[in-house]
>>> print(open('work_9.txt').read())   # compact mmCIF, C-alpha atoms
# COMPACT_ATOMS: atom_id res chain seq x y z
CA MET O 1 0.00 0.00 0.00
CA SER O 2 1.62 3.28 -1.09
CA TYR O 3 2.44 6.20 1.23
CA LYS O 4 0.11 8.42 -0.77
CA PHE O 5 -2.69 5.90 -0.38
CA ILE O 6 -2.26 5.87 3.46
CA LEU O 7 -2.30 9.67 3.65
CA ALA O 8 -5.50 9.68 1.66
CA ILE O 9 -7.22 7.52 4.28
CA PHE O 10 -6.36 9.97 7.10
CA SER O 11 -7.51 12.99 5.11
CA LEU O 12 -10.67 11.25 3.93
CA VAL O 13 -13.12 12.63 6.54
CA ILE O 14 -11.89 16.22 6.27
CA THR O 15 -11.83 16.14 2.51
CA LEU O 16 -15.27 14.62 2.08
CA SER O 17 -16.83 17.16 4.42
CA ALA O 18 -15.20 19.98 2.45
CA GLU O 19 -16.22 18.44 -0.84
CA GLY O 20 -19.63 17.27 0.34
CA GLN O 21 -21.41 19.16 -2.43
CA ASN O 22 -19.26 17.54 -5.08
CA LYS O 23 -19.78 14.12 -6.60
CA THR O 24 -17.22 11.96 -8.40
CA PHE O 25 -18.02 9.00 -10.63
CA ILE O 26 -15.86 6.39 -12.30
CA TYR O 27 -16.92 5.37 -15.80
CA ALA O 28 -15.49 2.14 -17.22
CA GLU O 29 -15.09 2.62 -20.97
CA LYS O 30 -15.71 -1.08 -21.69
CA GLY O 31 -18.71 -1.60 -19.44
CA ASN O 32 -17.11 -3.32 -16.45
CA LEU O 33 -13.75 -3.63 -14.76
CA TYR O 34 -12.14 -7.05 -15.26
CA TYR O 35 -9.57 -8.97 -13.29
CA GLY O 36 -6.02 -8.88 -14.61
CA LEU O 37 -6.76 -6.59 -17.55
CA ASP O 38 -5.85 -2.99 -18.29
CA ASN O 39 -9.22 -1.29 -17.78
CA PRO O 40 -9.55 2.25 -19.18
CA VAL O 41 -11.76 4.53 -17.06
CA GLN O 42 -12.87 8.13 -17.11
CA VAL O 43 -13.17 10.27 -13.97
CA ILE O 44 -16.26 12.50 -13.84
CA TYR O 45 -16.16 15.23 -11.19
CA ASN O 46 -19.11 17.59 -10.70
CA GLY O 47 -20.41 16.62 -14.13
CA LYS O 48 -17.09 17.27 -15.85
CA VAL O 49 -14.80 14.66 -17.36
CA LEU O 50 -11.37 15.28 -15.86
CA ARG O 51 -8.24 15.03 -17.90
CA PRO O 52 -5.73 12.50 -16.54
CA ASP O 53 -3.34 15.36 -15.67
CA GLU O 54 -5.97 16.93 -13.37
CA TYR O 55 -5.82 14.23 -10.66
CA GLU O 56 -3.59 11.65 -8.99
CA ALA O 57 -4.66 8.02 -8.53
CA SER O 58 -3.66 5.02 -6.43
CA ILE O 59 -5.29 1.61 -5.97
CA GLU O 60 -5.05 -1.07 -3.30
CA ASN O 61 -3.01 -4.14 -4.33
CA GLY O 62 -3.09 -3.24 -7.98
CA THR O 63 -1.54 -0.99 -10.58
CA CYS O 64 -2.69 2.18 -12.26
CA HIS O 65 -1.20 4.47 -14.85
CA LYS O 66 -2.40 7.16 -17.20
CA THR O 67 -2.55 7.66 -20.90
CA ASP O 68 -3.30 10.93 -22.63
CA THR O 69 -7.00 10.18 -22.53
CA ALA O 70 -7.77 7.72 -19.69
CA LEU O 71 -6.82 6.21 -16.35
CA ILE O 72 -5.80 2.54 -16.65
CA LEU O 73 -6.60 0.26 -13.70
CA ASN O 74 -5.43 -3.34 -13.21
CA ALA O 75 -6.40 -5.27 -10.09
CA GLY O 76 -8.61 -8.09 -8.88
CA GLY O 77 -11.58 -8.53 -6.55
CA TYR O 78 -12.83 -5.60 -4.42
CA ARG O 79 -10.16 -2.90 -4.16
CA PHE O 80 -10.05 0.65 -2.77
CA LEU O 81 -9.43 3.35 -5.37
CA CYS O 82 -8.27 6.78 -4.25
CA LEU O 83 -8.35 9.90 -6.41
CA GLN O 84 -6.99 13.31 -5.40
CA ASN O 85 -7.06 16.61 -7.19
CA MET O 86 -3.86 18.52 -7.76
CA GLN O 87 -4.35 20.43 -4.50
CA GLY O 88 -4.17 17.14 -2.56
CA ASP O 89 -7.88 16.93 -1.76
CA THR O 90 -9.42 13.48 -1.93
CA ILE O 91 -12.29 13.51 -4.41
CA TYR O 92 -12.94 9.76 -4.57
CA PHE O 93 -12.31 6.90 -2.14
CA LYS O 94 -14.36 3.75 -2.68
CA ARG O 95 -14.07 0.03 -3.15
CA ILE O 96 -14.56 -0.99 -6.76
CA MET O 97 -15.17 -4.45 -8.16
CA PHE O 98 -13.01 -6.20 -10.74
CA HIS O 99 -14.99 -9.03 -12.34
CA SER O 100 -13.62 -12.33 -13.56
CA ILE O 101 -13.39 -12.63 -17.34
CA PRO O 102 -16.19 -14.68 -18.98
CA VAL O 103 -15.70 -18.41 -19.27
CA PRO O 104 -14.10 -19.16 -22.65
CA ALA O 105 -15.61 -21.45 -25.26
CA ILE O 106 -13.48 -24.25 -26.65
CA THR O 107 -13.26 -24.37 -30.43
CA LEU O 108 -11.50 -26.20 -33.21
CA ASN O 109 -9.67 -23.81 -35.53
CA GLY O 110 -11.16 -20.92 -33.59
CA LYS O 111 -14.48 -21.37 -35.37
CA ILE O 112 -16.11 -24.73 -34.90
CA LYS O 113 -17.79 -25.84 -31.68
CA GLY O 114 -18.80 -29.40 -32.41
CA GLY O 115 -21.12 -31.18 -34.82
CA GLY O 116 -20.41 -32.96 -38.09
CA MET O 117 -17.03 -32.74 -39.78
CA GLN O 118 -15.17 -34.33 -42.64
CA LYS O 119 -12.16 -36.34 -41.57
CA GLY O 120 -9.91 -34.31 -43.85
CA TRP O 121 -10.94 -31.06 -42.17
CA LEU O 122 -10.27 -32.59 -38.78
CA LEU O 123 -6.79 -33.63 -39.89
CA ALA O 124 -6.14 -30.14 -41.25
CA SER O 125 -6.72 -28.72 -37.78
CA THR O 126 -3.77 -28.18 -35.50
CA GLY O 127 -5.40 -28.17 -32.08
CA LEU O 128 -7.87 -26.59 -29.68
CA VAL O 129 -8.39 -22.85 -29.26
CA ALA O 130 -10.14 -21.27 -26.25
CA LEU O 131 -11.98 -18.06 -27.17
CA VAL O 132 -13.73 -15.48 -25.01
CA GLU O 133 -16.65 -14.45 -27.20
CA ASN O 134 -18.54 -11.16 -27.34
CA PHE O 135 -16.01 -9.53 -25.05
CA ASN O 136 -14.74 -5.99 -25.41
CA PHE O 137 -11.19 -6.96 -24.47
CA GLU O 138 -8.73 -9.00 -26.46
CA VAL O 139 -7.61 -11.76 -24.11
CA ARG O 140 -5.56 -14.91 -24.57
CA VAL O 141 -6.61 -18.10 -22.85
CA TYR O 142 -4.25 -21.05 -23.25
CA VAL O 143 -5.31 -24.70 -23.37
CA ASN O 144 -3.00 -26.56 -21.00
CA ALA O 145 -4.33 -30.10 -21.43
CA TYR O 146 -7.28 -32.14 -22.67
CA THR O 147 -8.43 -35.69 -23.30
CA ALA O 148 -9.70 -36.94 -26.66
CA VAL O 149 -12.22 -39.77 -26.30
CA ILE O 150 -12.70 -41.70 -29.54
CA HIS O 151 -15.79 -43.83 -30.19
CA SER O 152 -15.15 -46.08 -33.18
CA GLY O 153 -17.34 -49.07 -33.80
CA ASN O 154 -17.71 -50.98 -30.53
CA GLU O 155 -14.46 -49.60 -29.19
CA THR O 156 -13.92 -46.51 -27.00
CA PHE O 157 -10.50 -45.29 -25.95
CA SER O 158 -8.90 -42.09 -24.65
CA ILE O 159 -5.78 -40.14 -25.59
CA LYS O 160 -4.44 -37.46 -23.23
CA CYS O 161 -2.73 -34.42 -24.75
CA ASP O 162 -0.60 -31.77 -23.08
CA GLY O 163 -0.99 -28.30 -24.52
CA PRO O 164 -3.42 -27.29 -27.26
CA MET O 165 -1.88 -29.18 -30.19
CA PHE O 166 -2.92 -32.59 -31.53
CA SER O 167 -0.39 -35.16 -30.43
CA PRO O 168 1.09 -37.61 -32.99
CA GLU O 169 -0.88 -40.42 -31.31
CA LEU O 170 -4.13 -38.48 -31.70
CA ARG O 171 -3.42 -37.68 -35.35
CA ALA O 172 -2.79 -41.35 -36.05
CA ALA O 173 -6.13 -42.22 -34.44
CA ILE O 174 -7.99 -39.54 -36.42
CA LYS O 175 -6.66 -40.98 -39.68
CA LYS O 176 -8.43 -44.26 -38.85
CA LEU O 177 -11.84 -42.71 -38.14
CA ARG O 178 -14.77 -43.92 -40.23
CA PRO O 179 -18.19 -42.45 -41.04
CA HIS O 180 -20.25 -41.84 -37.88
CA ASP O 181 -17.29 -42.38 -35.57
CA ARG O 182 -17.16 -39.72 -32.87
CA ILE O 183 -14.34 -37.85 -31.17
CA GLU O 184 -15.04 -36.00 -27.94
CA PHE O 185 -12.69 -33.41 -26.49
CA THR O 186 -13.16 -33.40 -22.73
CA GLU O 187 -11.34 -32.64 -19.45
CA ILE O 188 -10.18 -29.42 -21.12
CA GLU O 189 -8.00 -27.35 -18.80
CA ALA O 190 -7.36 -23.74 -19.79
CA GLU O 191 -5.55 -20.80 -18.20
CA PHE O 192 -5.79 -17.03 -18.43
CA LYS O 193 -2.39 -15.55 -17.63
CA THR O 194 -2.41 -11.93 -16.52
CA SER O 195 0.22 -9.44 -17.57
CA SER O 196 0.13 -7.64 -14.22
CA GLY O 197 1.59 -10.33 -12.01
CA LEU O 198 -1.78 -11.38 -10.57
CA PRO O 199 -2.43 -15.12 -10.21
CA SER O 200 -3.71 -16.92 -13.29
CA THR O 201 -7.36 -17.84 -13.71
CA LEU O 202 -7.93 -21.55 -14.36
CA PHE O 203 -10.91 -22.95 -16.26
CA ARG O 204 -12.39 -26.39 -16.89
CA LEU O 205 -14.16 -25.94 -20.21
CA THR O 206 -17.29 -27.56 -21.59
CA PRO O 207 -16.54 -30.62 -23.77
CA MET O 208 -17.30 -30.66 -27.48
CA THR O 209 -17.96 -33.61 -29.79
CA PHE O 210 -17.52 -34.13 -33.52
CA GLU O 211 -19.04 -36.86 -35.66
CA ILE O 212 -17.35 -37.86 -38.88
CA TYR O 213 -19.68 -37.24 -41.79
CA GLY O 214 -21.46 -40.32 -43.02
CA GLY O 215 -23.59 -40.79 -46.12
CA LEU O 216 -23.51 -37.99 -48.66
CA PRO O 217 -26.60 -36.04 -49.73
CA TYR O 218 -25.47 -36.30 -53.34
CA VAL O 219 -23.09 -38.15 -55.62
CA GLN O 220 -20.82 -35.87 -57.66
CA LEU O 221 -19.18 -37.21 -60.79
CA ASP O 222 -17.17 -35.41 -63.42
CA ALA O 223 -19.87 -35.77 -66.06
CA TYR O 224 -23.00 -36.48 -64.03
CA PHE O 225 -24.78 -35.06 -61.00
CA ILE O 226 -27.22 -37.20 -59.05
CA SER O 227 -29.27 -35.40 -56.41
CA PHE O 228 -30.77 -37.34 -53.52
CA ASP O 229 -33.57 -34.77 -53.54
CA SER O 230 -34.99 -36.25 -56.69
CA LEU O 231 -33.91 -39.74 -55.75
CA LEU O 232 -35.90 -39.64 -52.52
CA GLN O 233 -38.54 -37.31 -53.98
CA ILE O 234 -38.41 -35.12 -50.88
CA SER O 235 -37.47 -31.51 -50.30
CA ARG O 236 -33.98 -30.56 -49.18
CA GLN O 237 -35.42 -29.28 -45.88
CA ASP O 238 -37.20 -32.58 -45.25
CA TYR O 239 -33.95 -34.40 -45.90
CA TYR O 240 -31.98 -32.37 -43.38
CA ASP O 241 -34.84 -32.52 -40.90
CA ALA O 242 -34.52 -36.29 -41.04
CA LEU O 243 -30.78 -36.19 -40.52
CA ALA O 244 -31.22 -33.87 -37.55
CA LYS O 245 -33.32 -36.43 -35.71
CA ASP O 246 -31.86 -38.79 -33.15
CA LYS O 247 -29.82 -41.53 -34.76
CA GLU O 248 -29.70 -45.16 -33.80
CA ILE O 249 -26.37 -46.75 -34.67
CA LYS O 250 -25.79 -50.48 -34.74
CA THR O 251 -22.35 -51.92 -35.36
CA THR O 252 -20.89 -55.39 -35.56
CA CYS O 253 -17.22 -54.50 -35.49
CA ASN O 254 -14.38 -53.10 -33.50
CA ALA O 255 -12.65 -49.91 -34.51
CA TYR O 256 -9.93 -51.14 -36.84
CA CYS O 257 -10.96 -54.60 -38.00
CA ASP O 258 -10.47 -55.51 -41.65
CA THR O 259 -14.16 -56.07 -42.35
CA CYS O 260 -17.18 -54.94 -40.34
CA SER O 261 -20.63 -53.45 -40.78
CA LEU O 262 -22.43 -50.38 -39.47
CA ASP O 263 -26.13 -49.50 -39.68
CA VAL O 264 -27.38 -45.96 -39.08
CA PHE O 265 -31.12 -45.30 -38.78
CA TYR O 266 -32.58 -41.79 -38.82
CA ARG O 267 -35.82 -41.48 -36.88
CA SER O 268 -38.15 -38.94 -38.49
CA ASP O 269 -41.63 -37.58 -37.88
CA LYS O 270 -42.16 -37.35 -41.63
CA LYS O 271 -43.01 -40.10 -44.09
CA MET O 272 -39.46 -41.18 -44.38
CA SER O 273 -37.10 -43.58 -42.67
CA LEU O 274 -33.59 -43.16 -44.00
CA SER O 275 -30.80 -45.54 -43.14
CA GLU O 276 -27.18 -46.05 -44.13
CA ARG O 277 -25.59 -49.48 -44.13
CA TYR O 278 -21.85 -49.66 -44.38
CA ARG O 279 -19.46 -52.52 -44.89
CA PHE O 280 -15.88 -51.53 -44.19
CA PHE O 281 -12.77 -53.13 -45.62
CA ALA O 282 -9.06 -52.69 -45.21
CA ASN O 283 -7.19 -49.73 -46.71
CA ASP O 284 -9.88 -47.16 -45.87
CA SER O 285 -12.42 -48.65 -48.29
CA PHE O 286 -16.12 -49.19 -47.69
CA ASN O 287 -19.44 -49.90 -49.38
CA LEU O 288 -22.44 -47.69 -48.58
CA LYS O 289 -26.06 -48.59 -49.20
CA TRP O 290 -28.84 -46.04 -48.75
CA TYR O 291 -32.33 -47.17 -47.79
CA ASP O 292 -35.72 -45.54 -47.32
CA LYS O 293 -38.18 -47.74 -45.47
CA ASP O 294 -36.00 -50.76 -46.30
CA LYS O 295 -36.09 -49.89 -50.01
CA LEU O 296 -32.61 -49.75 -51.50
CA LEU O 297 -31.93 -46.34 -53.08
CA ALA O 298 -28.19 -46.41 -53.73
CA ASP O 299 -25.32 -48.86 -53.67
CA ILE O 300 -21.98 -47.01 -53.79
CA SER O 301 -18.36 -47.97 -53.09
CA TYR O 302 -15.52 -45.77 -51.82
CA SER O 303 -11.77 -46.18 -51.65
CA HIS O 304 -9.51 -43.72 -49.80
CA GLY O 305 -12.30 -41.16 -49.67
CA ALA O 306 -13.12 -41.30 -53.39
CA LEU O 307 -15.91 -43.06 -55.25
CA SER O 308 -14.51 -46.27 -56.68
CA GLY O 309 -16.15 -49.35 -58.17
CA PRO O 310 -19.72 -50.14 -59.24
CA ILE O 311 -22.56 -47.74 -58.51
CA THR O 312 -26.26 -48.50 -58.76
CA LEU O 313 -29.11 -46.10 -58.00
CA TYR O 314 -32.80 -46.99 -57.69
CA TYR O 315 -36.12 -45.23 -57.92
CA PRO O 316 -38.16 -45.02 -54.69
CA ASP O 317 -40.32 -47.93 -55.84
CA GLY O 318 -37.25 -50.16 -56.16
CA LYS O 319 -36.80 -50.03 -59.92
CA LYS O 320 -33.26 -49.52 -61.16
CA ARG O 321 -32.45 -45.92 -62.10
CA LEU O 322 -28.89 -46.25 -63.38
CA GLU O 323 -25.85 -48.49 -63.13
CA GLY O 324 -22.24 -47.95 -64.00
CA SER O 325 -18.70 -48.04 -62.76
CA ILE O 326 -16.43 -45.38 -61.26
CA LYS O 327 -12.71 -45.17 -60.79
CA PRO O 328 -10.51 -42.61 -59.02
CA SER O 329 -8.52 -40.30 -61.24
CA ALA O 330 -4.77 -40.82 -61.47
CA THR O 331 -4.42 -37.03 -61.14
CA THR O 332 -5.50 -35.17 -58.03
CA ILE O 333 -7.24 -31.98 -59.14
CA TYR O 334 -10.06 -31.26 -56.70
CA ARG O 335 -8.92 -29.00 -53.89
CA ASP O 336 -10.58 -27.79 -50.70
CA THR O 337 -9.25 -24.89 -48.67
CA VAL O 338 -9.52 -24.81 -44.89
CA MET O 339 -8.51 -21.88 -42.68
CA THR O 340 -6.70 -23.22 -39.62
CA THR O 341 -5.94 -21.23 -36.47
CA ASP O 342 -2.67 -21.80 -34.63
CA PRO O 343 -3.65 -22.54 -30.98
CA VAL O 344 -0.54 -20.76 -29.67
CA THR O 345 -0.20 -17.65 -31.87
CA LEU O 346 -3.83 -17.51 -33.12
CA ASP O 347 -2.43 -16.82 -36.59
CA GLU O 348 -4.59 -18.14 -39.42
CA THR O 349 -3.17 -20.26 -42.21
CA MET O 350 -4.88 -21.54 -45.35
CA VAL O 351 -4.48 -25.28 -45.75
CA VAL O 352 -5.10 -26.70 -49.23
CA GLN O 353 -6.44 -30.25 -49.25
CA SER O 354 -6.12 -32.25 -52.43
CA ARG O 355 -8.99 -34.49 -53.42
CA THR O 356 -9.18 -37.23 -56.00
CA PRO O 357 -11.99 -36.82 -58.55
CA SER O 358 -14.14 -39.77 -59.55
CA LEU O 359 -14.26 -40.70 -63.24
CA MET O 360 -17.00 -42.56 -65.05
CA GLU O 361 -15.65 -45.73 -66.60
CA GLY O 362 -17.07 -48.41 -68.87
CA GLN O 363 -20.72 -48.79 -69.78
CA TRP O 364 -23.45 -46.81 -68.03
CA ASN O 365 -27.10 -47.78 -68.33
CA TYR O 366 -29.99 -45.39 -67.66
CA TYR O 367 -33.57 -46.49 -66.98
CA ASN O 368 -36.90 -44.67 -66.86
CA ASP O 369 -39.29 -44.97 -63.91
CA GLN O 370 -40.89 -48.01 -65.57
CA GLY O 371 -37.60 -49.89 -65.40
CA ILE O 372 -37.02 -49.75 -69.17
CA LEU O 373 -33.50 -49.13 -70.46
CA VAL O 374 -33.61 -45.82 -72.31
CA LYS O 375 -29.97 -44.88 -72.81
CA THR O 376 -26.53 -46.47 -72.82
CA GLU O 377 -23.24 -44.58 -72.69
CA LYS O 378 -19.60 -45.65 -72.58
CA TYR O 379 -16.77 -43.83 -70.85
CA ALA O 380 -13.01 -44.08 -70.63
CA ASP O 381 -11.18 -42.06 -67.97
CA GLY O 382 -14.27 -39.91 -67.51
CA LYS O 383 -14.63 -39.06 -71.17
CA LYS O 384 -17.69 -40.11 -73.10
CA LEU O 385 -16.87 -42.28 -76.08
CA GLU O 386 -18.54 -41.60 -79.39
CA LYS O 387 -20.52 -44.46 -80.85
>>> encode(input="work_9.txt", output="structure tokens")
Amino acid sequence: MSYKFILAIFSLVITLSAEGQNKTFIYAEKGNLYYGLDNPVQVIYNGKVLRPDEYEASIENGTCHKTDTALILNAGGYRFLCLQNMQGDTIYFKRIMFHSIPVPAITLNGKIKGGGMQKGWLLASTGLVALVENFNFEVRVYVNAYTAVIHSGNETFSIKCDGPMFSPELRAAIKKLRPHDRIEFTEIEAEFKTSSGLPSTLFRLTPMTFEIYGGLPYVQLDAYFISFDSLLQISRQDYYDALAKDKEIKTTCNAYCDTCSLDVFYRSDKKMSLSERYRFFANDSFNLKWYDKDKLLADISYSHGALSGPITLYYPDGKKRLEGSIKPSATTIYRDTVMTTDPVTLDETMVVQSRTPSLMEGQWNYYNDQGILVKTEKYADGKKLEK
């Protein structure tokens, strides 16, 4: 406690009686005063905003300094603030409250707070970022540790990470995730370090969960676009309403077996009962069958994230719509860009992800809704061959 601060206490009664007609207010420029931050305030005396050079200030167990336009206070809890005019008269002596900063939200890449995510986007991320949202101050909250809980097939296991970054072990586990696997970030410990020497503020943050995207709402080929809107004869909103319902997942495999199956059923209030039935194989390959009320709508194969192998689509009444074959391109040309946020520096970096396009190959047969073959086409490396 400074010498000037002690003198102010002894002169308080005399000063306040002499200045009884005068009133002094402290106005926090950013709404409230917050623990461990440089809080700019204005001093209002008898209805006039005082310039910083018109008074002296001291605060209990904290720091204060002036700029050309404001008084800067940094302290914690309830603290006495003393203000004196240049004649040495005390014009303000009260306890003021410094609030704790809001609890941060945990994010991935500084943007995403859980939900569905492509595996490639998850791999492009570098780690967890704790953000204090809708706050007038720029503050840094560091993630000290967390646990990643992975639910894959019938297997659940945990990986502990120190610091905000993904550990090599966690990255290796993410690479093996399959559609509808889940990864939960929990036991997240974060710390707000003050610049004023005050003790740090520790947080235990709310967990967040991501599910790896499963079946696709459309099939995109180089020369053909097949929309599940028309395939299911439902509106796009109805489709997403169905996917937003609670899911029932049945699996007959462990996380990393060579072959296993996975059934996903979407419960819906509408006249629709979508389901996805997977059969996984080694080398990140799987077969996906789409159903509506047990009617097969699509039979598609994937290899290393790209369409590969035979594809057959059906009308809602079960009649065949088209059949053909797909192969991955030898040249990677499709690219996605993802903005990643460094958990330590908060710098943003654009990550370019290469994707392998799918090429139509061989003979493709197209049928009308009566099941009659109406068109045949042949392709080689995605290019339609002339008859």
>>> residues_around(input="work_9.txt", residues="Leu50 of chain O", least_positions_apart="2", cutoff="12 Å", atoms="all atoms listed in the file", output="short mmCIF file (atom, residue, chain, number, x, y, z; two decimals) with C-alpha atoms, in the frame of the given file")
data_model
loop_
_atom_site.label_atom_id
_atom_site.label_comp_id
_atom_site.auth_asym_id
_atom_site.auth_seq_id
_atom_site.Cartn_x
_atom_site.Cartn_y
_atom_site.Cartn_z
CA THR O 24 -17.22 11.96 -8.40
CA PHE O 25 -18.02 9.00 -10.63
CA ILE O 26 -15.86 6.39 -12.30
CA TYR O 27 -16.92 5.37 -15.80
CA VAL O 41 -11.76 4.53 -17.06
CA GLN O 42 -12.87 8.13 -17.11
CA VAL O 43 -13.17 10.27 -13.97
CA ILE O 44 -16.26 12.50 -13.84
CA TYR O 45 -16.16 15.23 -11.19
CA ASN O 46 -19.11 17.59 -10.70
CA GLY O 47 -20.41 16.62 -14.13
CA LYS O 48 -17.09 17.27 -15.85
CA PRO O 52 -5.73 12.50 -16.54
CA ASP O 53 -3.34 15.36 -15.67
CA GLU O 54 -5.97 16.93 -13.37
CA TYR O 55 -5.82 14.23 -10.66
CA GLU O 56 -3.59 11.65 -8.99
CA ASP O 68 -3.30 10.93 -22.63
CA THR O 69 -7.00 10.18 -22.53
CA ALA O 70 -7.77 7.72 -19.69
CA LEU O 71 -6.82 6.21 -16.35
CA LEU O 83 -8.35 9.90 -6.41
CA GLN O 84 -6.99 13.31 -5.40
CA ASN O 85 -7.06 16.61 -7.19
CA MET O 86 -3.86 18.52 -7.76
CA ILE O 91 -12.29 13.51 -4.41
#
>>> closest_residue(input="work_9.txt", among="O:Tyr213, O:Phe185, O:Phe135, O:Phe166", to="Pro104 of chain O", atoms="all atoms listed in the file")
O:Phe135
>>> residues_around(input="work_9.txt", residues="Thr376 of chain O", least_positions_apart="2", cutoff="10 Å", atoms="all atoms listed in the file", output="list of chain:residue names")
O:Leu322, O:Glu323, O:Gly324, O:Gln363, O:Trp364, O:Asn365, O:Tyr366, O:Tyr367, O:Leu373, O:Val374, O:Lys378
>>> write_last_selection(input="work_9.txt", atoms="C-alpha atoms", output="mmCIF file, in the coordinates of the input")
data_model
loop_
_atom_site.group_PDB
_atom_site.id
_atom_site.type_symbol
_atom_site.label_atom_id
_atom_site.label_comp_id
_atom_site.auth_asym_id
_atom_site.auth_seq_id
_atom_site.Cartn_x
_atom_site.Cartn_y
_atom_site.Cartn_z
ATOM 1 C CA LEU O 322 -28.890 -46.250 -63.380
ATOM 2 C CA GLU O 323 -25.850 -48.490 -63.130
ATOM 3 C CA GLY O 324 -22.240 -47.950 -64.000
ATOM 4 C CA GLN O 363 -20.720 -48.790 -69.780
ATOM 5 C CA TRP O 364 -23.450 -46.810 -68.030
ATOM 6 C CA ASN O 365 -27.100 -47.780 -68.330
ATOM 7 C CA TYR O 366 -29.990 -45.390 -67.660
ATOM 8 C CA TYR O 367 -33.570 -46.490 -66.980
ATOM 9 C CA LEU O 373 -33.500 -49.130 -70.460
ATOM 10 C CA VAL O 374 -33.610 -45.820 -72.310
ATOM 11 C CA LYS O 378 -19.600 -45.650 -72.580
#
>>> atom_distance(input="work_9.txt", atom1="atom CA of Ala105 of chain O", atom2="atom CA of Asp38 of chain O")
22.0 Å
>>> atom_distance(input="work_9.txt", atom1="atom CA of Met97 of chain O", atom2="atom CA of Lys30 of chain O")
14.0 Å
>>> residues_around(input="work_9.txt", residues="Arg182 of chain O", least_positions_apart="2", cutoff="7 Å", atoms="only C-alpha atoms", output="mmCIF file with C-alpha atoms, keeping the file's coordinate frame")
data_model
loop_
_atom_site.group_PDB
_atom_site.id
_atom_site.type_symbol
_atom_site.label_atom_id
_atom_site.label_comp_id
_atom_site.auth_asym_id
_atom_site.auth_seq_id
_atom_site.Cartn_x
_atom_site.Cartn_y
_atom_site.Cartn_z
ATOM 1 C CA ILE O 150 -12.700 -41.700 -29.540
ATOM 2 C CA HIS O 151 -15.790 -43.830 -30.190
ATOM 3 C CA SER O 152 -15.150 -46.080 -33.180
ATOM 4 C CA HIS O 180 -20.250 -41.840 -37.880
ATOM 5 C CA GLU O 184 -15.040 -36.000 -27.940
ATOM 6 C CA THR O 209 -17.960 -33.610 -29.790
ATOM 7 C CA PHE O 210 -17.520 -34.130 -33.520
ATOM 8 C CA GLU O 211 -19.040 -36.860 -35.660
ATOM 9 C CA ILE O 212 -17.350 -37.860 -38.880
#
>>> residues_around(input="work_9.txt", residues="Lys175 of chain O", least_positions_apart="5", cutoff="10 Å", atoms="all atoms listed in the file", output="list in words")
Lys119, Gly120, Leu122, Leu123, Leu170 and Asp284 of chain O
>>> atom_distance(input="work_9.txt", atom1="atom CA of Pro316 of chain O", atom2="atom CA of Asp369 of chain O")
9.3 Å
>>> closest_residue(input="work_9.txt", among="O:Thr340, O:Leu177, O:Leu131, O:Ala148", to="Asn109 of chain O", atoms="only C-alpha atoms")
O:Thr340
>>> closest_residue(input="work_9.txt", among="O:Val49, O:Leu359, O:Ile372, O:Cys64", to="Lys384 of chain O", atoms="only C-alpha atoms")
O:Leu359
